[in-house]
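Chemist: Take a look at the following structure, please.
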Amino acid sequence: MASEHYFSPTPGSELKSRTIRARLGGRDVELVTANGVFSPERIDTGTQVLLSSVPAPPPGGNLLDLGCGWGPVALTLALESPHATVWAVDVNERALDLVRANAEKMSMKNIKAVTPENVPDDVRFMTIWSNPPIRVGKNELHGMLGHWLPRLETECDAWLVVQRNLGSDSLHRWLQSNFPDDFSFVRATTNKGYRVLRARRH
């Protein structure tokens, strides 16, 4: 079990579901989580910092939660932008099942919970919100951001939350030196040991 990560495509542990209460998009909701996914007991601190720091999402178009886990970010996007299509993307099939279950529980029809390869290549995003899986390692993380950030529409933003002591500043420097000039990256917020980085495509 120690070797199993929330970024395993199919967690090997036996499924143990649990119900938690949380506040999303200004609503108190009851949600289902499970073992084998990231932060099953509660909305983790990084995600809380992200959700409290970002402006309201665009009202329509395609919105992306990258590394969605059991879905707090995707569910918030879907609640706040009911006319948008929210793509909840993760490699962990158990996490995606939980997102679907939670969307159904909340009667939300605008979430597509899929693995990365199931997002059509022509889909572009009006915003990306992500608490990225830093522990996958630098190469994997850089590859992931290199793939998804260029799919932002022009004049649109991505918001990434990264723990300061897990390399938020070095990630910020990497983004600045590896993306073309039509991208800018700023530190939007620092809170509870986390930084929220804002990427903008011009």
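Ordered as shown in the structure tokens, chains take letters A, B, and onward, while each chain numbers its residues from 1 and ligands are numbered from 1 in the order shown.
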Run DSSP on the backbone and grab whatever in range 77-135 of chain A lands in helix (DSSP H, G or I); send it over as a PyMOL selection string.
Modeler: chain A and resi 77-80+93-105+116-118+134-135
Chemist: From range 1-128 of chain A, collect each residue whose DSSP state is strand (DSSP E or B) and return the set as a PyMOL selection string.
Modeler: chain A and resi 17-24+27-34+62-66+85-89+111-114+125-128
Chemist: Got time to write the residues from that selection, N, CA, C and O atoms, as a compact mmCIF listing (two decimals), in the first residue's frame?
Modeler:
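Result went into result06.txt, see below:
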```
# COMPACT_ATOMS: atom_id res chain seq x y z
N SER A 17 -15.34 3.49 0.21
CA SER A 17 -15.96 4.81 0.02
C SER A 17 -16.27 5.46 1.36
O SER A 17 -16.44 4.77 2.36
N ARG A 18 -16.34 6.77 1.35
CA ARG A 18 -16.76 7.49 2.55
C ARG A 18 -17.50 8.75 2.11
O ARG A 18 -17.34 9.21 0.98
N THR A 19 -18.31 9.27 2.99
CA THR A 19 -19.05 10.50 2.70
C THR A 19 -18.46 11.63 3.54
O THR A 19 -18.18 11.44 4.72
N ILE A 20 -18.25 12.77 2.92
CA ILE A 20 -17.77 13.93 3.67
C ILE A 20 -18.69 15.12 3.37
O ILE A 20 -19.40 15.13 2.36
N ARG A 21 -18.65 16.08 4.27
CA ARG A 21 -19.38 17.33 4.02
C ARG A 21 -18.36 18.41 3.67
O ARG A 21 -17.29 18.46 4.25
N ALA A 22 -18.70 19.25 2.72
CA ALA A 22 -17.78 20.31 2.31
C ALA A 22 -18.59 21.50 1.82
O ALA A 22 -19.80 21.39 1.56
N ARG A 23 -17.91 22.62 1.70
CA ARG A 23 -18.55 23.82 1.16
C ARG A 23 -17.93 24.13 -0.21
O ARG A 23 -16.73 24.35 -0.31
N LEU A 24 -18.75 24.11 -1.23
CA LEU A 24 -18.27 24.35 -2.60
C LEU A 24 -19.16 25.39 -3.27
O LEU A 24 -20.39 25.28 -3.20
N ARG A 27 -22.04 26.62 -1.38
CA ARG A 27 -23.08 25.66 -0.95
C ARG A 27 -22.48 24.59 -0.05
O ARG A 27 -21.36 24.13 -0.28
N ASP A 28 -23.24 24.19 0.98
CA ASP A 28 -22.82 23.04 1.80
C ASP A 28 -23.32 21.79 1.10
O ASP A 28 -24.51 21.66 0.81
N VAL A 29 -22.39 20.87 0.83
CA VAL A 29 -22.76 19.68 0.06
C VAL A 29 -22.20 18.43 0.72
O VAL A 29 -21.23 18.48 1.47
N GLU A 30 -22.84 17.32 0.41
CA GLU A 30 -22.37 16.01 0.87
C GLU A 30 -21.76 15.30 -0.33
O GLU A 30 -22.39 15.20 -1.39
N LEU A 31 -20.54 14.83 -0.18
CA LEU A 31 -19.80 14.27 -1.31
C LEU A 31 -19.24 12.91 -0.97
O LEU A 31 -19.04 12.58 0.20
N VAL A 32 -18.98 12.13 -2.00
CA VAL A 32 -18.40 10.81 -1.78
C VAL A 32 -16.92 10.84 -2.19
O VAL A 32 -16.56 11.42 -3.21
N THR A 33 -16.06 10.27 -1.33
CA THR A 33 -14.64 10.13 -1.67
C THR A 33 -14.26 8.67 -1.37
O THR A 33 -15.11 7.88 -0.97
N ALA A 34 -12.99 8.35 -1.53
CA ALA A 34 -12.56 6.97 -1.28
C ALA A 34 -11.05 6.95 -1.12
O ALA A 34 -10.35 7.91 -1.48
N ASN A 62 -15.19 25.95 -22.59
CA ASN A 62 -14.58 24.77 -21.96
C ASN A 62 -13.66 25.21 -20.82
O ASN A 62 -12.79 26.06 -21.02
N LEU A 63 -13.86 24.62 -19.65
CA LEU A 63 -13.04 24.92 -18.47
C LEU A 63 -12.36 23.62 -18.05
O LEU A 63 -12.94 22.55 -18.14
N LEU A 64 -11.11 23.72 -17.56
CA LEU A 64 -10.35 22.51 -17.24
C LEU A 64 -9.92 22.48 -15.78
O LEU A 64 -9.34 23.44 -15.28
N ASP A 65 -10.21 21.36 -15.12
CA ASP A 65 -9.60 21.03 -13.82
C ASP A 65 -8.58 19.95 -14.12
O ASP A 65 -8.93 18.81 -14.41
N LEU A 66 -7.30 20.31 -14.04
CA LEU A 66 -6.22 19.38 -14.39
C LEU A 66 -5.71 18.69 -13.14
O LEU A 66 -5.21 19.34 -12.22
N THR A 85 -18.76 23.89 -20.14
CA THR A 85 -18.43 22.47 -20.08
C THR A 85 -17.15 22.35 -19.26
O THR A 85 -16.13 22.95 -19.61
N VAL A 86 -17.22 21.60 -18.17
CA VAL A 86 -16.07 21.44 -17.28
C VAL A 86 -15.42 20.08 -17.55
O VAL A 86 -16.07 19.04 -17.43
N TRP A 87 -14.16 20.11 -17.93
CA TRP A 87 -13.39 18.89 -18.16
C TRP A 87 -12.62 18.58 -16.88
O TRP A 87 -11.77 19.37 -16.46
N ALA A 88 -12.95 17.48 -16.24
CA ALA A 88 -12.24 17.01 -15.03
C ALA A 88 -11.29 15.91 -15.49
O ALA A 88 -11.73 14.83 -15.89
N VAL A 89 -10.00 16.21 -15.47
CA VAL A 89 -9.01 15.30 -16.08
C VAL A 89 -8.08 14.72 -15.02
O VAL A 89 -7.54 15.44 -14.19
N ILE A 111 -20.28 18.31 -16.40
CA ILE A 111 -18.91 17.84 -16.12
C ILE A 111 -18.59 16.62 -16.98
O ILE A 111 -19.37 15.67 -17.02
N LYS A 112 -17.44 16.66 -17.64
CA LYS A 112 -16.93 15.48 -18.34
C LYS A 112 -15.69 15.01 -17.59
O LYS A 112 -14.66 15.71 -17.61
N ALA A 113 -15.78 13.88 -16.91
CA ALA A 113 -14.65 13.34 -16.14
C ALA A 113 -13.95 12.29 -17.00
O ALA A 113 -14.51 11.22 -17.26
N VAL A 114 -12.73 12.61 -17.44
CA VAL A 114 -12.05 11.76 -18.43
C VAL A 114 -10.54 11.69 -18.16
O VAL A 114 -9.97 12.56 -17.50
N PHE A 125 -9.38 25.93 -23.90
CA PHE A 125 -9.97 26.23 -22.59
C PHE A 125 -10.00 27.73 -22.29
O PHE A 125 -9.04 28.45 -22.56
N MET A 126 -11.11 28.16 -21.69
CA MET A 126 -11.27 29.55 -21.26
C MET A 126 -10.58 29.79 -19.92
O MET A 126 -10.26 30.91 -19.57
N THR A 127 -10.39 28.73 -19.15
CA THR A 127 -9.56 28.80 -17.95
C THR A 127 -9.11 27.40 -17.58
O THR A 127 -9.75 26.41 -17.97
N ILE A 128 -7.99 27.32 -16.86
CA ILE A 128 -7.51 26.06 -16.29
C ILE A 128 -7.27 26.32 -14.81
O ILE A 128 -6.58 27.28 -14.46
```
Chemist: Could you build a table of the residues in range 17-83 of chain A lying no more than 8 Å from range 185-197 of chain A, giving for each the nearest pair of atoms and their separation in Å rounded to one decimal place, using only C-alpha atoms, ordered by chain and ascending residue number, as CSV?
Modeler:
```
residue,atom,partner,partner_atom,distance
A:Thr45,CA,A:Lys192,CA,7.8
A:Gly46,CA,A:Tyr194,CA,6.4
A:Val49,CA,A:Asn191,CA,6.7
A:Leu50,CA,A:Val196,CA,6.5
A:Ser53,CA,A:Thr189,CA,7.0
```
Chemist: Find, counting only C-alpha atoms, the residue in A:Asp169, A:Glu117, A:Glu104, A:Asp157 that gets nearest to Asp90 in chain A.
Modeler: A:Glu117
Chemist: Identify, on the basis of only C-alpha atoms, every residue whose closest approach to Gly71 in chain A does not exceed 9 Å; exclude the query and any residue fewer than 4 positions from it along the same chain; express the result as a PyMOL selection string.
Modeler: chain A and resi 65+67+75-76+88+95-96+98-100+102-103+113
